[in-house]
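What follows is one structure encoded as structure tokens, with my remarks underneath.
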Amino acid sequence: MPHYNAYDSFKTKKSMEKKQRAKERAFGKKNETVDDFIINSCDDYGVVIEVRYDDAYILYKDEVRLAKLRKDVNLVCNQVVFPGDKVDIKQVGDACIIDHLLKRTSILSRTKKDSTRLNDIGLSKNIAANIDLAVIVVAAKEPPLHPKFIDRYLMILQNSNIPAIICLNKCDLKTEEDEKILSTYRDLGITVIETSTYNNIGIDQLKAQLLNKQAIFVGNSGVGKSSLTNAIMDDDEIKTSHVSEKSKRGRHTTTTSKYYVWEDHSSIIDTPGIRSLDVSSFSPIEIQDYFPEFEGWKEKCKYSDCLHFHEPYDSCIVKQGVASGLINKDRYESYLRIMGGVLNEKDYSKILQGVDSEDNTKKTK
Ligand SMILES: Nc1nc2c(ncn2[C@@H]2O[C@H](COP(=O)(O)OP(=O)(O)OP(=O)(O)O)[C@@H](O)[C@H]2O)c(=O)[nH]1
Ligand SMILES: [Mg+2]
Ligand SMILES: [Zn+2]
């Protein structure tokens, strides 16, 4: 069984050139200032815990300081640094200045990490930096569990080379249908943890996964990311999005990402719920790379560039794998939906019907 993270990121010479051109567009031809802003290491650095428009809170030697970006970088703070970033700060009179940014090990972006988006500096829809582990938080029942959301997150995370686990919170409300969905991901080799902050279930198991890591909680609004952060911090300080049944008011939905240290060398970034993830910049041919369960099948398709989409059933071994039940149909449907979006074809459901009818003819033979 191919493991989910078994994916090679590819960097071609062409994409490096594209990146350089975009850098020049953003900073002008002379970008020494920005190049000098990023450094490989420094003796004692601070960590960005929260970013506002033009300044950021930095955790430095157990103290929180509000710092501004070095002037000659010429960009606003929230374009350049993100929670989890390591920064070299210096005190100039009363002001605390972010003098350098330490080279990142990873950057999580809301869209595909690609060469034109300047992910090494910022300027794109970045969420957080230096992430060792992402926890895709989903909930049983409220809001309902949708695998398509998990699949998109897995694509974005794998593209950023960030390992992922899934946490089903509100397991006190879990249904059989939820269990079926989760088993699909367990079968792919992804760690799935079930938690309930109400009943204190699974919190220690989650902590064990997060220990000695800089982790991030991602997922829809209302799944319980802040509640889980509270449970791990053993603190009720973090506002959760409690909705009053009567008024539907009083919702404390998280609006900015924040970094929390809960144990030495162990931290969590709690993020606002994200409704949509843009996977439209993935190219049609590469989308299948994010579906490791197609491996062992896709190589046998008649056409080497088969997209397992419009190609006839007889020539597509992936479609045959789905019809036989050996490739999970829900994941294939997710694949079709993503492909449909990228190819701008909404009517992918007919393809699935095709696979179904082949399945039926086989059964009646
Ligand atoms: N039944 C049940 N409800 C829970 C559980 N954990 C959290 N909740 C409730 O779910 C609601 C949303 O929780 P939050 O922690 O604010 O969710 P969030 O993911 O941080 O939401 P955003 O900040 O909007 O992204 C609150 O009303 C919580 O009380 C749980 O284990 N079981
Ligand atoms: Mg929250
Ligand atoms: Zn095929």
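Going through the structure tokens in order, the chains are called A, B, and so on, while each chain numbers its residues from 1 and the ligands are numbered from 1 in the order shown.
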Environment of ligand 2 within 6 Å, counting only C-alpha atoms and all ligand atoms, reported as an MDAnalysis selection string: chainID A and resid 225:226 240 253:254 272
Export C-alpha atoms of the chosen residues as a compact mmCIF listing (two decimals), in the first residue's frame?
```txt
# COMPACT_ATOMS: atom_id res chain seq x y z
CA LYS A 225 -10.15 23.56 16.86
CA SER A 226 -10.16 26.14 19.66
CA THR A 240 -14.54 29.08 21.25
CA THR A 253 -15.23 32.30 15.97
CA THR A 254 -11.46 32.52 15.66
CA PRO A 272 -9.75 30.39 11.76
```
Which protein, DNA or RNA residues have an atom within 9 Å of ligand 1, counting only C-alpha atoms and all ligand atoms, as a PyMOL selection string? chain A and resi 137-143+169-173+195-201+217-230+238-244+251-256+270-274
Dump as a short mmCIF file (atom, residue, chain, number, x, y, z; two decimals), in the first residue's frame, selection limited to N, CA and C atoms:
```
data_model
loop_
_atom_site.label_atom_id
_atom_site.label_comp_id
_atom_site.auth_asym_id
_atom_site.auth_seq_id
_atom_site.Cartn_x
_atom_site.Cartn_y
_atom_site.Cartn_z
N VAL A 137 -8.82 18.89 11.40
CA VAL A 137 -9.88 18.65 12.38
C VAL A 137 -11.23 18.63 11.66
N VAL A 138 -11.97 17.56 11.88
CA VAL A 138 -13.33 17.46 11.34
C VAL A 138 -14.24 17.13 12.53
N ALA A 139 -15.54 17.23 12.31
CA ALA A 139 -16.44 16.95 13.42
C ALA A 139 -17.48 15.93 13.01
N ALA A 140 -17.98 15.20 14.01
CA ALA A 140 -19.12 14.34 13.76
C ALA A 140 -20.36 15.24 13.84
N LYS A 141 -21.20 15.15 12.87
CA LYS A 141 -22.52 15.79 12.87
C LYS A 141 -22.55 17.32 12.77
N GLU A 142 -21.87 18.03 13.64
CA GLU A 142 -21.98 19.50 13.65
C GLU A 142 -20.64 20.16 13.42
N PRO A 143 -20.25 20.63 12.29
CA PRO A 143 -20.92 20.48 11.00
C PRO A 143 -20.68 19.07 10.45
N ASN A 169 -13.29 15.30 15.88
CA ASN A 169 -13.74 15.79 17.18
C ASN A 169 -15.26 15.57 17.30
N LYS A 170 -15.80 15.79 18.47
CA LYS A 170 -17.22 15.56 18.76
C LYS A 170 -17.58 14.09 18.53
N CYS A 171 -16.65 13.21 18.91
CA CYS A 171 -16.91 11.78 18.68
C CYS A 171 -18.09 11.32 19.54
N ASP A 172 -18.51 12.15 20.50
CA ASP A 172 -19.73 11.85 21.26
C ASP A 172 -20.96 11.84 20.36
N LEU A 173 -20.84 12.44 19.15
CA LEU A 173 -21.99 12.49 18.23
C LEU A 173 -21.80 11.57 17.01
N THR A 195 -11.70 12.37 19.11
CA THR A 195 -11.68 13.11 20.37
C THR A 195 -13.07 13.64 20.71
N SER A 196 -13.24 13.92 21.99
CA SER A 196 -14.41 14.68 22.44
C SER A 196 -13.92 15.59 23.55
N THR A 197 -14.01 16.89 23.31
CA THR A 197 -13.57 17.81 24.37
C THR A 197 -14.62 17.83 25.48
N TYR A 198 -15.85 17.45 25.15
CA TYR A 198 -16.90 17.41 26.16
C TYR A 198 -16.65 16.28 27.16
N ASN A 199 -16.25 15.14 26.63
CA ASN A 199 -16.09 13.97 27.51
C ASN A 199 -14.63 13.61 27.79
N ASN A 200 -13.73 14.51 27.39
CA ASN A 200 -12.29 14.29 27.58
C ASN A 200 -11.83 12.93 27.00
N ILE A 201 -12.26 12.66 25.81
CA ILE A 201 -11.85 11.42 25.14
C ILE A 201 -10.77 11.77 24.11
N PHE A 217 -3.71 23.30 13.72
CA PHE A 217 -5.08 22.78 13.59
C PHE A 217 -5.74 23.49 12.41
N VAL A 218 -6.18 22.72 11.44
CA VAL A 218 -6.90 23.32 10.32
C VAL A 218 -8.25 22.63 10.18
N GLY A 219 -9.20 23.31 9.57
CA GLY A 219 -10.52 22.70 9.39
C GLY A 219 -11.61 23.74 9.40
N ASN A 220 -12.81 23.29 9.08
CA ASN A 220 -13.97 24.19 8.99
C ASN A 220 -14.28 24.90 10.30
N SER A 221 -15.03 25.95 10.20
CA SER A 221 -15.46 26.67 11.39
C SER A 221 -16.42 25.80 12.20
N GLY A 222 -16.25 25.80 13.51
CA GLY A 222 -17.18 25.09 14.38
C GLY A 222 -16.86 23.63 14.64
N VAL A 223 -15.75 23.12 14.09
CA VAL A 223 -15.42 21.70 14.32
C VAL A 223 -14.81 21.47 15.70
N GLY A 224 -14.28 22.55 16.28
CA GLY A 224 -13.72 22.43 17.64
C GLY A 224 -12.21 22.60 17.74
N LYS A 225 -11.61 23.34 16.82
CA LYS A 225 -10.15 23.56 16.86
C LYS A 225 -9.74 24.31 18.12
N SER A 226 -10.50 25.37 18.45
CA SER A 226 -10.16 26.14 19.66
C SER A 226 -10.48 25.35 20.92
N SER A 227 -11.56 24.57 20.89
CA SER A 227 -11.90 23.74 22.06
C SER A 227 -10.79 22.73 22.31
N LEU A 228 -10.24 22.14 21.24
CA LEU A 228 -9.14 21.19 21.40
C LEU A 228 -7.89 21.89 21.92
N THR A 229 -7.65 23.09 21.41
CA THR A 229 -6.49 23.87 21.88
C THR A 229 -6.64 24.14 23.37
N ASN A 230 -7.85 24.53 23.78
CA ASN A 230 -8.14 24.73 25.21
C ASN A 230 -7.87 23.48 26.02
N ILE A 238 -8.97 30.46 25.64
CA ILE A 238 -9.17 30.63 24.21
C ILE A 238 -10.66 30.61 23.89
N LYS A 239 -11.10 31.66 23.22
CA LYS A 239 -12.53 31.78 22.94
C LYS A 239 -12.94 30.74 21.91
N THR A 240 -14.04 30.06 22.20
CA THR A 240 -14.54 29.08 21.25
C THR A 240 -15.84 29.61 20.65
N SER A 241 -16.22 29.00 19.52
CA SER A 241 -17.36 29.56 18.81
C SER A 241 -18.67 28.98 19.31
N HIS A 242 -18.96 29.23 20.56
CA HIS A 242 -20.21 28.71 21.11
C HIS A 242 -21.40 29.46 20.50
N VAL A 243 -22.33 28.69 19.95
CA VAL A 243 -23.50 29.32 19.34
C VAL A 243 -24.69 29.08 20.26
N SER A 244 -25.31 30.14 20.68
CA SER A 244 -26.49 29.99 21.52
C SER A 244 -27.63 29.48 20.65
N ARG A 251 -21.20 34.08 19.02
CA ARG A 251 -20.25 33.15 18.43
C ARG A 251 -18.84 33.72 18.47
N HIS A 252 -17.93 33.00 19.12
CA HIS A 252 -16.56 33.49 19.22
C HIS A 252 -15.69 32.77 18.21
N THR A 253 -16.01 33.00 16.97
CA THR A 253 -15.23 32.30 15.97
C THR A 253 -13.83 32.90 15.89
N THR A 254 -12.85 32.05 15.72
CA THR A 254 -11.46 32.52 15.66
C THR A 254 -11.25 33.36 14.40
N THR A 255 -10.63 34.51 14.56
CA THR A 255 -10.44 35.37 13.37
C THR A 255 -8.99 35.48 12.92
N THR A 256 -8.05 35.24 13.83
CA THR A 256 -6.64 35.23 13.38
C THR A 256 -5.95 33.99 13.94
N ASP A 270 -3.62 27.59 16.35
CA ASP A 270 -5.07 27.50 16.17
C ASP A 270 -5.44 28.48 15.04
N THR A 271 -6.17 28.01 14.06
CA THR A 271 -6.46 28.86 12.89
C THR A 271 -7.96 29.12 12.75
N PRO A 272 -8.33 30.18 12.03
CA PRO A 272 -9.75 30.39 11.76
C PRO A 272 -10.26 29.31 10.79
N GLY A 273 -11.53 29.00 10.87
CA GLY A 273 -12.08 28.00 9.96
C GLY A 273 -12.01 28.47 8.52
N ILE A 274 -11.63 27.58 7.64
CA ILE A 274 -11.55 27.95 6.22
C ILE A 274 -12.66 27.23 5.47
#
```
For Lys298 (chain A), work out the shell of residues within 9 Å, counting only C-alpha atoms and skipping chain neighbours fewer than 3 positions away, then give it as a PyMOL selection string. chain A and resi 288+294-295+301+304+306-308+316-318
Write out as a VMD selection string all residues of region 31-107 of chain A that backbone DSSP assigns to strand (DSSP E). chain A and resid 38 to 39 46 to 51 55 to 60 63 to 69 86 to 92 95 to 102 107
12 Å contact set for Gly321 (chain A), only C-alpha atoms, chain neighbours under 2 positions out, as a PDB file with N, CA and C atoms, in the first residue's frame:
```pdb
ATOM      1  N   GLU A 293      -3.879   5.667  -3.859  1.00  0.00           N
ATOM      2  CA  GLU A 293      -4.562   4.386  -4.081  1.00  0.00           C
ATOM      3  C   GLU A 293      -4.707   4.049  -5.572  1.00  0.00           C
ATOM      4  N   PHE A 294      -4.434   5.021  -6.452  1.00  0.00           N
ATOM      5  CA  PHE A 294      -4.473   4.720  -7.903  1.00  0.00           C
ATOM      6  C   PHE A 294      -3.191   4.001  -8.342  1.00  0.00           C
ATOM      7  N   GLU A 295      -2.167   4.073  -7.494  1.00  0.00           N
ATOM      8  CA  GLU A 295      -0.903   3.434  -7.859  1.00  0.00           C
ATOM      9  C   GLU A 295      -1.097   1.937  -7.995  1.00  0.00           C
ATOM     10  N   GLY A 296      -0.434   1.376  -8.981  1.00  0.00           N
ATOM     11  CA  GLY A 296      -0.614  -0.049  -9.232  1.00  0.00           C
ATOM     12  C   GLY A 296      -1.737  -0.283 -10.233  1.00  0.00           C
ATOM     13  N   TRP A 297      -2.585   0.732 -10.456  1.00  0.00           N
ATOM     14  CA  TRP A 297      -3.674   0.647 -11.435  1.00  0.00           C
ATOM     15  C   TRP A 297      -3.383   1.593 -12.607  1.00  0.00           C
ATOM     16  N   LYS A 298      -3.063   2.843 -12.266  1.00  0.00           N
ATOM     17  CA  LYS A 298      -2.952   3.871 -13.310  1.00  0.00           C
ATOM     18  C   LYS A 298      -1.849   3.558 -14.332  1.00  0.00           C
ATOM     19  N   LYS A 300      -1.310   0.881 -15.654  1.00  0.00           N
ATOM     20  CA  LYS A 300      -1.786  -0.131 -16.611  1.00  0.00           C
ATOM     21  C   LYS A 300      -2.845   0.411 -17.568  1.00  0.00           C
ATOM     22  N   CYS A 301      -3.234   1.685 -17.391  1.00  0.00           N
ATOM     23  CA  CYS A 301      -4.218   2.267 -18.313  1.00  0.00           C
ATOM     24  C   CYS A 301      -3.637   2.265 -19.725  1.00  0.00           C
ATOM     25  N   HIS A 308      -8.209   9.283 -16.352  1.00  0.00           N
ATOM     26  CA  HIS A 308      -9.238   8.474 -15.681  1.00  0.00           C
ATOM     27  C   HIS A 308     -10.520   9.290 -15.549  1.00  0.00           C
ATOM     28  N   TYR A 313     -14.123   3.307 -20.512  1.00  0.00           N
ATOM     29  CA  TYR A 313     -13.976   2.340 -19.410  1.00  0.00           C
ATOM     30  C   TYR A 313     -12.990   1.220 -19.776  1.00  0.00           C
ATOM     31  N   ASP A 314     -13.095   0.726 -21.015  1.00  0.00           N
ATOM     32  CA  ASP A 314     -12.245  -0.402 -21.414  1.00  0.00           C
ATOM     33  C   ASP A 314     -10.768  -0.074 -21.366  1.00  0.00           C
ATOM     34  N   SER A 315     -10.436   1.223 -21.577  1.00  0.00           N
ATOM     35  CA  SER A 315      -9.019   1.586 -21.637  1.00  0.00           C
ATOM     36  C   SER A 315      -8.487   2.062 -20.280  1.00  0.00           C
ATOM     37  N   CYS A 316      -9.387   2.291 -19.332  1.00  0.00           N
ATOM     38  CA  CYS A 316      -8.948   2.891 -18.063  1.00  0.00           C
ATOM     39  C   CYS A 316      -9.021   1.875 -16.915  1.00  0.00           C
ATOM     40  N   ILE A 317      -7.870   1.459 -16.465  1.00  0.00           N
ATOM     41  CA  ILE A 317      -7.798   0.429 -15.422  1.00  0.00           C
ATOM     42  C   ILE A 317      -8.216   1.008 -14.062  1.00  0.00           C
ATOM     43  N   VAL A 318      -8.017   2.318 -13.885  1.00  0.00           N
ATOM     44  CA  VAL A 318      -8.460   2.952 -12.624  1.00  0.00           C
ATOM     45  C   VAL A 318      -9.986   2.841 -12.511  1.00  0.00           C
ATOM     46  N   LYS A 319     -10.697   3.166 -13.604  1.00  0.00           N
ATOM     47  CA  LYS A 319     -12.166   3.053 -13.585  1.00  0.00           C
ATOM     48  C   LYS A 319     -12.583   1.617 -13.275  1.00  0.00           C
ATOM     49  N   ALA A 323     -14.883   0.161 -10.241  1.00  0.00           N
ATOM     50  CA  ALA A 323     -16.054  -0.695 -10.460  1.00  0.00           C
ATOM     51  C   ALA A 323     -15.946  -2.000  -9.663  1.00  0.00           C
ATOM     52  N   SER A 324     -14.708  -2.506  -9.535  1.00  0.00           N
ATOM     53  CA  SER A 324     -14.545  -3.775  -8.812  1.00  0.00           C
ATOM     54  C   SER A 324     -14.587  -3.579  -7.299  1.00  0.00           C
ATOM     55  N   GLY A 325     -14.575  -2.313  -6.875  1.00  0.00           N
ATOM     56  CA  GLY A 325     -14.645  -2.027  -5.437  1.00  0.00           C
ATOM     57  C   GLY A 325     -13.279  -1.999  -4.769  1.00  0.00           C
ATOM     58  N   LEU A 326     -12.204  -2.211  -5.557  1.00  0.00           N
ATOM     59  CA  LEU A 326     -10.868  -2.248  -4.949  1.00  0.00           C
ATOM     60  C   LEU A 326     -10.263  -0.850  -4.779  1.00  0.00           C
ATOM     61  N   ILE A 327     -10.792   0.121  -5.559  1.00  0.00           N
ATOM     62  CA  ILE A 327     -10.427   1.523  -5.308  1.00  0.00           C
ATOM     63  C   ILE A 327     -11.680   2.163  -4.711  1.00  0.00           C
ATOM     64  N   ASN A 328     -11.496   2.861  -3.601  1.00  0.00           N
ATOM     65  CA  ASN A 328     -12.642   3.439  -2.891  1.00  0.00           C
ATOM     66  C   ASN A 328     -13.414   4.421  -3.777  1.00  0.00           C
ATOM     67  N   LYS A 329     -14.729   4.165  -3.880  1.00  0.00           N
ATOM     68  CA  LYS A 329     -15.547   4.961  -4.799  1.00  0.00           C
ATOM     69  C   LYS A 329     -15.709   6.412  -4.345  1.00  0.00           C
ATOM     70  N   TYR A 332     -12.680   8.227  -5.379  1.00  0.00           N
ATOM     71  CA  TYR A 332     -12.680   8.452  -6.839  1.00  0.00           C
ATOM     72  C   TYR A 332     -13.655   9.575  -7.186  1.00  0.00           C
ATOM     73  N   VAL A 355     -19.250   4.175 -14.470  1.00  0.00           N
ATOM     74  CA  VAL A 355     -18.516   3.172 -13.696  1.00  0.00           C
ATOM     75  C   VAL A 355     -19.499   2.257 -12.965  1.00  0.00           C
ATOM     76  N   ASP A 356     -20.564   2.862 -12.433  1.00  0.00           N
ATOM     77  CA  ASP A 356     -21.585   2.078 -11.734  1.00  0.00           C
ATOM     78  C   ASP A 356     -22.249   1.061 -12.640  1.00  0.00           C
ATOM     79  N   GLU A 358     -21.106  -0.251 -15.393  1.00  0.00           N
ATOM     80  CA  GLU A 358     -20.183  -1.335 -15.750  1.00  0.00           C
ATOM     81  C   GLU A 358     -20.170  -2.358 -14.611  1.00  0.00           C
ATOM     82  N   ASP A 359     -20.215  -1.817 -13.404  1.00  0.00           N
ATOM     83  CA  ASP A 359     -20.216  -2.641 -12.215  1.00  0.00           C
ATOM     84  C   ASP A 359     -21.431  -3.571 -12.223  1.00  0.00           C
TER      85      ASP A 359
END
```
Find the residues around Phe282 (chain A) up to 12 Å (only C-alpha atoms counted), leave out those fewer than 2 positions away in its own chain, and share them as a ChimeraX atom specification. /A:111-114,152,155-156,159,277-280,284-290,338-339,341-343
With only C-alpha atoms as the atoms that count, which of A:Leu336, A:Ile39, A:Ala134, A:Met233 lies nearest to Asp88 (chain A)?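 Ranking A:Leu336, A:Ile39, A:Ala134, A:Met233 by distance to Asp88 (chain A), first place goes to A:Ile39.
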Residue with smallest distance to ligand 3 - pool A:Asp54, A:Glu311, A:Glu63, A:Asp347, counting only C-alpha atoms and all ligand atoms: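 Distance minimum relative to ligand 3 lands on A:Glu311.
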Find the distance between CA of Asp264 (chain A) and CA of Ala95 (chain A) and write it in Å to one decimal. 28.4 Å
Alpha helix (DSSP H) per DSSP on the backbone: members of region 133-364 of chain A, as an MDAnalysis selection string: chainID A and resid 147:159 176:187 203:210 225:233 284:287 317:323 329:342 349:364
